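One file, coords14.cif, is given below (mmCIF, C-alpha atoms).
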data_my_file
loop_
_atom_site.label_atom_id
_atom_site.label_comp_id
_atom_site.auth_asym_id
_atom_site.auth_seq_id
_atom_site.Cartn_x
_atom_site.Cartn_y
_atom_site.Cartn_z
CA MET A 16 -17.57 16.81 2.51
CA ASP A 17 -18.51 20.00 0.70
CA GLN A 18 -20.02 18.93 -2.63
CA SER A 19 -18.79 21.98 -4.52
CA ARG A 20 -15.17 20.93 -3.99
CA ILE A 21 -13.19 18.64 -6.22
CA VAL A 22 -12.05 15.10 -5.54
CA GLY A 23 -8.64 14.32 -7.06
CA VAL A 24 -8.31 10.79 -8.42
CA VAL A 25 -4.67 9.72 -8.74
CA ARG A 26 -3.56 7.66 -11.75
CA PHE A 27 -0.35 5.65 -11.87
CA PRO A 28 0.73 3.33 -14.68
CA GLY A 29 -1.20 0.16 -13.81
CA THR A 30 -4.01 1.81 -11.87
CA ASN A 31 -7.19 0.13 -13.07
CA CYS A 32 -10.01 1.30 -10.78
CA ASP A 33 -9.63 4.98 -11.72
CA GLN A 34 -12.74 5.16 -13.92
CA ASP A 35 -14.81 3.26 -11.32
CA VAL A 36 -13.71 5.72 -8.65
CA ALA A 37 -14.59 8.65 -10.94
CA SER A 38 -18.08 7.19 -11.56
CA TRP A 39 -18.48 6.63 -7.84
CA CYS A 40 -17.51 10.26 -7.07
CA GLU A 41 -19.96 11.47 -9.69
CA ALA A 42 -22.79 9.28 -8.35
CA LEU A 43 -22.13 10.68 -4.87
CA GLY A 44 -22.47 14.20 -6.26
CA TYR A 45 -18.81 15.29 -6.23
CA ARG A 46 -16.87 16.95 -8.99
CA TRP A 47 -13.61 15.15 -9.71
CA LYS A 48 -10.42 15.36 -11.73
CA PHE A 49 -7.66 12.91 -12.51
CA LEU A 50 -4.20 13.60 -11.05
CA TRP A 51 -1.26 12.30 -13.11
CA TYR A 52 1.49 10.43 -11.24
CA GLN A 53 4.32 12.40 -12.84
CA ASP A 54 2.86 15.79 -11.89
CA LEU A 55 2.58 17.79 -8.72
CA PHE A 56 -0.80 19.44 -8.18
CA ASP A 57 -2.14 22.51 -6.41
CA VAL A 58 -3.31 21.23 -3.04
CA GLY A 59 -5.79 24.11 -2.77
CA GLU A 60 -7.65 22.83 -5.83
CA VAL A 61 -8.87 19.60 -4.24
CA GLU A 62 -10.88 18.87 -1.13
CA ALA A 63 -10.16 15.17 -1.11
CA ILE A 64 -7.87 12.71 -2.86
CA VAL A 65 -8.63 9.10 -3.72
CA ILE A 66 -5.88 6.66 -4.70
CA PRO A 67 -7.70 3.90 -6.59
CA GLY A 68 -6.85 0.23 -6.79
CA GLY A 69 -4.98 -1.64 -9.47
CA PHE A 70 -1.41 -2.78 -9.95
CA SER A 71 0.62 0.41 -9.93
CA TYR A 72 4.01 -0.15 -11.61
CA GLY A 73 2.97 -3.77 -12.10
CA ASP A 74 3.49 -4.40 -8.36
CA TYR A 75 7.27 -4.40 -9.10
CA VAL A 76 9.70 -4.46 -6.12
CA ARG A 77 6.77 -4.48 -3.63
CA THR A 78 3.13 -3.56 -4.03
CA GLY A 79 2.90 0.21 -3.89
CA ALA A 80 6.65 0.73 -3.31
CA LEU A 81 7.45 2.48 -6.59
CA ALA A 82 4.21 4.47 -6.71
CA ALA A 83 4.95 5.76 -3.21
CA LYS A 84 8.03 7.50 -4.64
CA ALA A 85 6.29 9.06 -7.68
CA PRO A 86 6.19 12.88 -7.87
CA VAL A 87 2.41 13.13 -7.32
CA MET A 88 2.88 11.65 -3.83
CA ARG A 89 4.78 14.77 -2.75
CA SER A 90 1.56 16.72 -3.31
CA VAL A 91 -0.54 13.99 -1.68
CA LYS A 92 1.68 14.26 1.42
CA GLU A 93 1.33 18.01 1.41
CA ALA A 94 -2.46 17.67 1.16
CA ALA A 95 -2.49 15.15 4.01
CA ASP A 96 -0.40 17.48 6.20
CA PHE A 97 -2.85 20.22 5.33
CA GLY A 98 -5.73 18.11 6.70
CA LYS A 99 -7.36 17.21 3.40
CA THR A 100 -9.16 13.89 3.16
CA VAL A 101 -7.04 11.16 1.57
CA LEU A 102 -8.48 7.71 0.85
CA GLY A 103 -6.54 4.74 -0.50
CA ILE A 104 -8.47 1.77 -1.83
CA CYS A 105 -6.78 -1.63 -2.23
CA ASN A 106 -3.53 -0.83 -4.11
CA GLY A 107 -4.12 2.77 -2.99
CA PHE A 108 -3.99 1.54 0.62
CA GLN A 109 -0.73 -0.30 -0.12
CA ILE A 110 0.71 2.88 -1.66
CA LEU A 111 -0.24 5.02 1.38
CA CYS A 112 1.45 2.49 3.70
CA GLU A 113 4.59 2.44 1.56
CA ALA A 114 4.57 6.26 1.55
CA LYS A 115 4.40 6.09 5.39
CA LEU A 116 1.20 8.11 5.39
CA LEU A 117 -0.48 5.13 7.06
CA PRO A 118 0.92 2.66 9.60
CA GLY A 119 1.83 -0.91 8.74
CA VAL A 120 2.21 -2.70 5.45
CA LEU A 121 0.19 -5.14 3.31
CA VAL A 122 1.77 -8.52 2.58
CA LYS A 123 0.72 -11.63 0.67
CA ASN A 124 -2.51 -13.33 1.75
CA ASP A 125 -1.93 -16.33 4.00
CA SER A 126 -3.56 -18.54 1.36
CA LEU A 127 -1.19 -17.30 -1.38
CA GLN A 128 -4.33 -16.96 -3.49
CA PHE A 129 -5.83 -13.88 -5.10
CA ILE A 130 -9.21 -13.51 -3.37
CA ASP A 131 -12.32 -12.14 -5.08
CA ASP A 132 -15.27 -12.17 -2.70
CA TRP A 133 -17.72 -10.17 -0.59
CA VAL A 134 -16.93 -9.50 3.05
CA THR A 135 -18.75 -8.15 6.08
CA LEU A 136 -16.90 -5.36 7.81
CA LYS A 137 -17.20 -3.89 11.26
CA LEU A 138 -16.69 -0.15 11.70
CA GLN A 139 -14.35 0.26 14.66
CA ASN A 140 -13.77 4.00 14.84
CA GLU A 141 -15.27 7.15 13.34
CA SER A 142 -13.52 10.06 11.66
CA LYS A 143 -14.70 13.56 10.80
CA SER A 144 -13.13 13.15 7.35
CA PHE A 145 -15.35 10.15 6.59
CA ASN A 146 -18.45 11.30 8.43
CA LYS A 147 -21.08 9.32 6.52
CA LEU A 148 -19.81 6.30 8.44
CA ASN A 149 -20.84 6.33 12.07
CA LEU A 150 -21.17 3.85 14.85
CA SER A 151 -24.97 3.69 14.50
CA LYS A 152 -24.37 1.39 11.52
CA THR A 153 -21.33 -0.74 12.23
CA SER A 154 -21.86 -3.68 9.86
CA LEU A 155 -21.03 -3.06 6.20
CA ARG A 156 -20.86 -5.28 3.09
CA LEU A 157 -18.21 -4.63 0.45
CA PRO A 158 -16.38 -6.67 -2.19
CA ILE A 159 -12.66 -7.48 -1.95
CA ALA A 160 -10.23 -8.44 -4.73
CA HIS A 161 -6.59 -8.73 -3.74
CA GLY A 162 -3.56 -11.00 -3.49
CA GLU A 163 -1.67 -8.93 -0.94
CA GLY A 164 -4.11 -7.69 1.66
CA LYS A 165 -2.79 -9.10 4.88
CA PHE A 166 -2.20 -6.14 7.19
CA PHE A 167 1.03 -6.49 9.11
CA CYS A 168 2.99 -4.47 11.66
CA GLU A 169 5.05 -5.19 14.73
CA GLU A 170 3.23 -5.93 17.97
CA SER A 171 4.22 -2.64 19.60
CA GLU A 172 2.92 -0.71 16.58
CA LEU A 173 -0.32 -2.73 16.61
CA LYS A 174 -0.83 -1.85 20.24
CA ARG A 175 -0.16 1.80 19.48
CA ILE A 176 -2.70 2.02 16.65
CA LEU A 177 -5.28 0.08 18.68
CA ASP A 178 -4.85 2.46 21.62
CA SER A 179 -5.05 5.56 19.45
CA GLY A 180 -8.23 4.45 17.69
CA GLN A 181 -6.55 4.16 14.29
CA ILE A 182 -8.27 0.90 13.35
CA TRP A 183 -11.00 1.91 10.91
CA LEU A 184 -12.50 -1.40 9.79
CA THR A 185 -12.12 -5.06 10.65
CA TYR A 186 -13.37 -8.19 8.90
CA GLN A 187 -16.37 -9.71 10.61
CA GLY A 188 -17.01 -13.44 10.58
CA SER A 189 -14.05 -14.87 8.70
CA ASN A 190 -10.71 -13.18 8.06
CA PRO A 191 -10.05 -13.66 4.32
CA ASN A 192 -6.30 -12.97 4.20
CA GLY A 193 -4.76 -13.48 7.64
CA SER A 194 -4.67 -9.76 8.53
CA LEU A 195 -3.42 -9.00 12.03
CA HIS A 196 -6.33 -8.27 14.37
CA ASP A 197 -8.68 -8.85 11.34
CA ILE A 198 -7.76 -5.35 10.12
CA ALA A 199 -9.35 -4.28 6.81
CA GLY A 200 -8.71 -0.53 7.07
CA VAL A 201 -6.71 1.97 9.15
CA PHE A 202 -6.36 5.72 9.73
CA ASN A 203 -3.34 7.93 10.25
CA GLN A 204 -3.05 9.65 13.61
CA LYS A 205 -5.10 12.70 12.56
CA LYS A 206 -7.69 10.37 10.95
CA ASN A 207 -7.83 12.43 7.73
CA VAL A 208 -5.91 9.74 5.81
CA ALA A 209 -7.48 6.30 5.54
CA GLY A 210 -6.91 3.12 3.59
CA LEU A 211 -8.91 -0.06 3.14
CA MET A 212 -8.56 -3.26 1.14
CA PRO A 213 -12.27 -3.63 0.17
CA HIS A 214 -13.68 -1.67 -2.78
CA PRO A 215 -16.42 0.84 -1.84
CA GLU A 216 -16.48 2.10 -5.46
CA ARG A 217 -17.74 -1.32 -6.56
CA ALA A 218 -20.76 -1.25 -4.25
CA PHE A 219 -22.82 1.93 -4.40
CA GLN A 220 -25.71 0.82 -6.63
CA ILE A 221 -28.24 -1.95 -5.97
CA TRP A 222 -27.33 -3.68 -9.26
CA GLN A 223 -23.73 -3.93 -8.04
CA GLY A 224 -24.90 -6.12 -5.19
CA GLY A 225 -24.67 -3.60 -2.37
CA ILE A 226 -24.89 0.13 -1.60
CA ASP A 227 -22.71 0.49 1.51
CA GLY A 228 -19.85 1.84 -0.63
CA GLY A 229 -21.75 5.11 -0.91
CA LEU A 230 -20.88 5.86 2.72
CA PHE A 231 -17.12 5.92 2.24
CA LEU A 232 -16.66 9.41 0.75
CA MET B 4 44.94 16.82 -3.30
CA GLY B 5 44.55 13.41 -4.89
CA LEU B 6 42.82 13.07 -8.20
CA GLN B 7 39.44 11.39 -7.89
CA VAL B 8 38.94 8.79 -10.57
CA MET B 9 35.33 7.73 -11.06
CA LYS B 10 34.84 4.03 -11.68
CA LYS B 11 31.90 1.81 -12.41
CA TYR B 12 30.81 -0.81 -9.91
CA ILE B 13 28.31 -3.62 -10.02
CA VAL B 14 26.56 -3.98 -6.70
CA GLY B 15 24.44 -6.97 -5.71
CA ILE B 16 21.84 -6.56 -2.98
CA LYS B 17 19.92 -9.41 -1.39
CA VAL B 18 16.51 -8.65 0.13
CA MET B 19 14.80 -11.18 2.41
CA LEU B 20 11.69 -11.09 4.56
CA LYS B 21 12.40 -10.65 8.27
CA ASP B 22 11.87 -13.74 10.37
CA VAL B 23 8.82 -12.22 12.06
CA VAL B 24 6.97 -12.24 8.72
CA LEU B 25 5.48 -15.51 7.53
CA ASP B 26 7.23 -16.29 4.24
CA THR B 27 4.29 -17.72 2.32
CA GLN B 28 6.29 -18.25 -0.88
CA GLY B 29 9.01 -20.09 1.01
CA ARG B 30 6.38 -22.25 2.68
CA ALA B 31 4.81 -23.15 -0.68
CA LEU B 32 8.21 -23.90 -2.20
CA ASN B 33 9.12 -26.14 0.72
CA GLN B 34 5.85 -28.01 0.36
CA VAL B 35 6.55 -28.68 -3.32
CA LEU B 36 10.12 -29.76 -2.54
CA ASN B 37 8.80 -32.28 -0.03
CA GLN B 38 6.22 -33.60 -2.49
CA ASN B 39 8.96 -34.12 -5.05
CA HIS B 40 11.31 -35.93 -2.71
CA MET B 41 13.77 -33.06 -2.64
CA ALA B 42 13.11 -32.15 0.95
CA ALA B 43 14.92 -29.14 2.35
CA ASP B 44 14.88 -28.32 6.05
CA SER B 45 13.46 -24.94 5.20
CA ALA B 46 13.05 -22.61 2.23
CA ARG B 47 12.83 -18.83 2.15
CA VAL B 48 12.25 -16.71 -0.92
CA GLY B 49 13.78 -13.28 -1.41
CA LYS B 50 14.91 -10.92 -4.15
CA PHE B 51 18.19 -9.97 -5.72
CA PHE B 52 18.93 -6.54 -7.16
CA GLU B 53 21.91 -5.73 -9.35
CA LEU B 54 22.83 -2.05 -9.65
CA THR B 55 25.51 -0.39 -11.75
CA LEU B 56 26.87 2.64 -9.91
CA THR B 57 29.51 5.24 -10.73
CA SER B 58 31.64 5.98 -7.72
CA ASP B 59 35.20 6.81 -6.64
CA SER B 60 35.67 3.88 -4.29
CA THR B 61 34.23 0.56 -3.19
CA ALA B 62 33.30 2.15 0.12
CA SER B 63 31.30 4.99 -1.40
CA ALA B 64 29.62 2.64 -3.90
CA THR B 65 28.55 0.48 -0.95
CA LEU B 66 27.24 3.52 0.89
CA HIS B 67 25.27 4.61 -2.17
CA ALA B 68 23.80 1.10 -2.55
CA GLU B 69 22.80 1.03 1.11
CA LYS B 70 21.02 4.34 0.73
CA ILE B 71 19.06 2.97 -2.26
CA ALA B 72 18.24 -0.22 -0.39
CA VAL B 73 16.87 1.56 2.65
CA SER B 74 14.90 4.18 0.75
CA ILE B 75 13.21 1.94 -1.82
CA LEU B 76 14.36 -1.68 -2.09
CA ILE B 77 13.15 -2.65 1.37
CA ASN B 78 10.26 -1.82 3.63
CA ASP B 79 11.95 -2.02 7.01
CA LEU B 80 8.77 -3.25 8.68
CA ILE B 81 9.04 -6.57 6.87
CA GLU B 82 12.34 -6.82 5.01
CA LYS B 83 16.09 -6.79 5.58
CA TYR B 84 18.91 -6.41 3.06
CA GLU B 85 22.50 -7.34 2.65
CA VAL B 86 25.00 -5.88 0.16
CA LEU B 87 26.49 -9.11 -1.16
CA GLU B 88 29.05 -7.95 -3.65
CA VAL B 89 30.61 -4.75 -4.91
CA LYS B 90 32.69 -5.43 -8.00
CA GLU B 91 34.64 -2.93 -10.02
CA MET B 92 33.72 -3.28 -13.70
#

When written as structure tokens, how does the structure in this file appear?
Amino acid sequence: MDQSRIVGVVRFPGTNCDQDVASWCEALGYRWKFLWYQDLFDVGEVEAIVIPGGFSYGDYVRTGALAAKAPVMRSVKEAADFGKTVLGICNGFQILCEAKLLPGVLVKNDSLQFIDDWVTLKLQNESKSFNKLNLSKTSLRLPIAHGEGKFFCEESELKRILDSGQIWLTYQGSNPNGSLHDIAGVFNQKKNVAGLMPHPERAFQIWQGGIDGGLFL
Amino acid sequence: MGLQVMKKYIVGIKVMLKDVVLDTQGRALNQVLNQNHMAADSARVGKFFELTLTSDSTASATLHAEKIAVSILINDLIEKYEVLEVKEM
């Protein structure tokens, strides 16, 4: 991604990884600005959009369901249609699924427990929008922290996204939440919109316990 | 032309997980019921929404409620809904 362009970081009531994502963008050399959930924004102003994790709208109704209908998402959709890079992390992934910008949905972990751990991920497919990740390095370590991270969709839809190369990341070793096909992250059809349950913005410095998160934007 | 009189309705909507989705909350509840000697054959956990709507008829209030259910109360990949009651206030 062109470093002179701006990364938009979306904030909903209940978003709590916004500052971490901003620090991550800065460390990776990008300029960034916050995007308020009640406002539309000028799509031309941003090169990429990140929807951070948290508990938007307190997870009311369904995780991500109310945030998916907030005004800012109209601009996010427009940006996605325009081919801009859109990344949803954790609750951001749930929001993108609820907004139908990504396939499937995230439901409660099989264990019913909130899980806070490190996982090993396998990169399944590449995308031009996330070009620091390539198949020469397929094993990645990132932290997870979620209660509703089990990826679910109907069998026919699963087959469709498998066939079209829309699986971005899978859990390697053990599957922490019961996700179908061990899915940890997916793309849209054009592969410019992606979502993942793990937190790359919590692993880009050695003191954080890992640096693989630096490859995700 | 008949005069349209707007009335207020209370609409109750039940939302349940589809059978294809593992109902983890229901499973946990059932386990606790069994442990407490209150065994049920099965338990499923859903949600109930109560909306107050202004409409000219029961039929149009129901239609309005269905539109709300489909657009935001359920995710049709995993959930189904049922309009349980439409009561004039």

Carefully work through the PyMOL selection byres ((chain B) within 9 of (chain A)) for this structure and note down the residues it includes, as a PDB file with C-alpha atoms, keeping the file's coordinate frame.
ATOM      1  CA  VAL B  23       8.820 -12.220  12.060  1.00  0.00           C
ATOM      2  CA  VAL B  24       6.970 -12.240   8.720  1.00  0.00           C
ATOM      3  CA  LEU B  25       5.480 -15.510   7.530  1.00  0.00           C
ATOM      4  CA  ASP B  26       7.230 -16.290   4.240  1.00  0.00           C
ATOM      5  CA  THR B  27       4.290 -17.720   2.320  1.00  0.00           C
ATOM      6  CA  GLN B  28       6.290 -18.250  -0.880  1.00  0.00           C
ATOM      7  CA  ALA B  31       4.810 -23.150  -0.680  1.00  0.00           C
ATOM      8  CA  LYS B  50      14.910 -10.920  -4.150  1.00  0.00           C
ATOM      9  CA  ILE B  75      13.210   1.940  -1.820  1.00  0.00           C
ATOM     10  CA  LEU B  76      14.360  -1.680  -2.090  1.00  0.00           C
ATOM     11  CA  ILE B  77      13.150  -2.650   1.370  1.00  0.00           C
ATOM     12  CA  ASN B  78      10.260  -1.820   3.630  1.00  0.00           C
ATOM     13  CA  LEU B  80       8.770  -3.250   8.680  1.00  0.00           C
ATOM     14  CA  ILE B  81       9.040  -6.570   6.870  1.00  0.00           C
TER      15      ILE B  81
END

Contacts of B:Lys10 within 9 Å, all atoms listed in the file, excl. fewer than 6 positions in-chain, as a VMD selection string: chain B and resid 56 to 60 91 to 92

Would you compute the distance between atom CA of A:Arg89 and atom CA of B:Val73? Give it in Å to one decimal.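 Answer for the atom CA of A:Arg89 to atom CA of B:Val73 separation: 18.7 Å.
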
For B:Leu54, find every residue with an atom within 10 Å (counting only C-alpha atoms), except residues of its own chain fewer than 4 positions away, and show them as a short mmCIF file (atom, residue, chain, number, x, y, z; two decimals) with C-alpha atoms, in the frame of the given file.
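Okay, result.cif is ready:
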data_model
loop_
_atom_site.label_atom_id
_atom_site.label_comp_id
_atom_site.auth_asym_id
_atom_site.auth_seq_id
_atom_site.Cartn_x
_atom_site.Cartn_y
_atom_site.Cartn_z
CA TYR B 12 30.81 -0.81 -9.91
CA ILE B 13 28.31 -3.62 -10.02
CA VAL B 14 26.56 -3.98 -6.70
CA GLY B 15 24.44 -6.97 -5.71
CA ILE B 16 21.84 -6.56 -2.98
CA ALA B 68 23.80 1.10 -2.55
CA ILE B 71 19.06 2.97 -2.26
CA VAL B 89 30.61 -4.75 -4.91
#

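Matched in the shown structure by the PyMOL selection byres ((chain B and resi 19) around 9): Lys17, Val18, Leu20, Lys21, Asp22, Arg47, Val48, Gly49, Lys50, Phe51, Ile77, Ile81, Glu82, Lys83, Tyr84 and Glu85 of chain B.
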
Keeping C-alpha atoms, export the residues of the selection given above as a PDB file, keeping the file's coordinate frame.
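Generated output (result.pdb):
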ATOM      1  CA  LYS B  17      19.920  -9.410  -1.390  1.00  0.00           C
ATOM      2  CA  VAL B  18      16.510  -8.650   0.130  1.00  0.00           C
ATOM      3  CA  LEU B  20      11.690 -11.090   4.560  1.00  0.00           C
ATOM      4  CA  LYS B  21      12.400 -10.650   8.270  1.00  0.00           C
ATOM      5  CA  ASP B  22      11.870 -13.740  10.370  1.00  0.00           C
ATOM      6  CA  ARG B  47      12.830 -18.830   2.150  1.00  0.00           C
ATOM      7  CA  VAL B  48      12.250 -16.710  -0.920  1.00  0.00           C
ATOM      8  CA  GLY B  49      13.780 -13.280  -1.410  1.00  0.00           C
ATOM      9  CA  LYS B  50      14.910 -10.920  -4.150  1.00  0.00           C
ATOM     10  CA  PHE B  51      18.190  -9.970  -5.720  1.00  0.00           C
ATOM     11  CA  ILE B  77      13.150  -2.650   1.370  1.00  0.00           C
ATOM     12  CA  ILE B  81       9.040  -6.570   6.870  1.00  0.00           C
ATOM     13  CA  GLU B  82      12.340  -6.820   5.010  1.00  0.00           C
ATOM     14  CA  LYS B  83      16.090  -6.790   5.580  1.00  0.00           C
ATOM     15  CA  TYR B  84      18.910  -6.410   3.060  1.00  0.00           C
ATOM     16  CA  GLU B  85      22.500  -7.340   2.650  1.00  0.00           C
TER      17      GLU B  85
END

By how many Å are atom CA of A:Gly107 and atom CA of A:Leu184 apart? 15.8 Å

Starting from the displayed file, determine the output of the PyMOL selection byres ((chain A and resi 145-149) around 10) and express the residue list as a list in words. Met16, Thr100, Val101, Leu102, Leu138, Gln139, Asn140, Glu141, Ser142, Lys143, Ser144, Leu150, Ser151, Lys152, Thr153, Leu155, Lys206, Asn207, Val208, Ala209, Asp227, Gly229, Leu230, Phe231 and Leu232 of chain A

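Across the structure, atom CA of A:Gln128 and atom CA of A:Tyr52 are spaced 29.1 Å apart.
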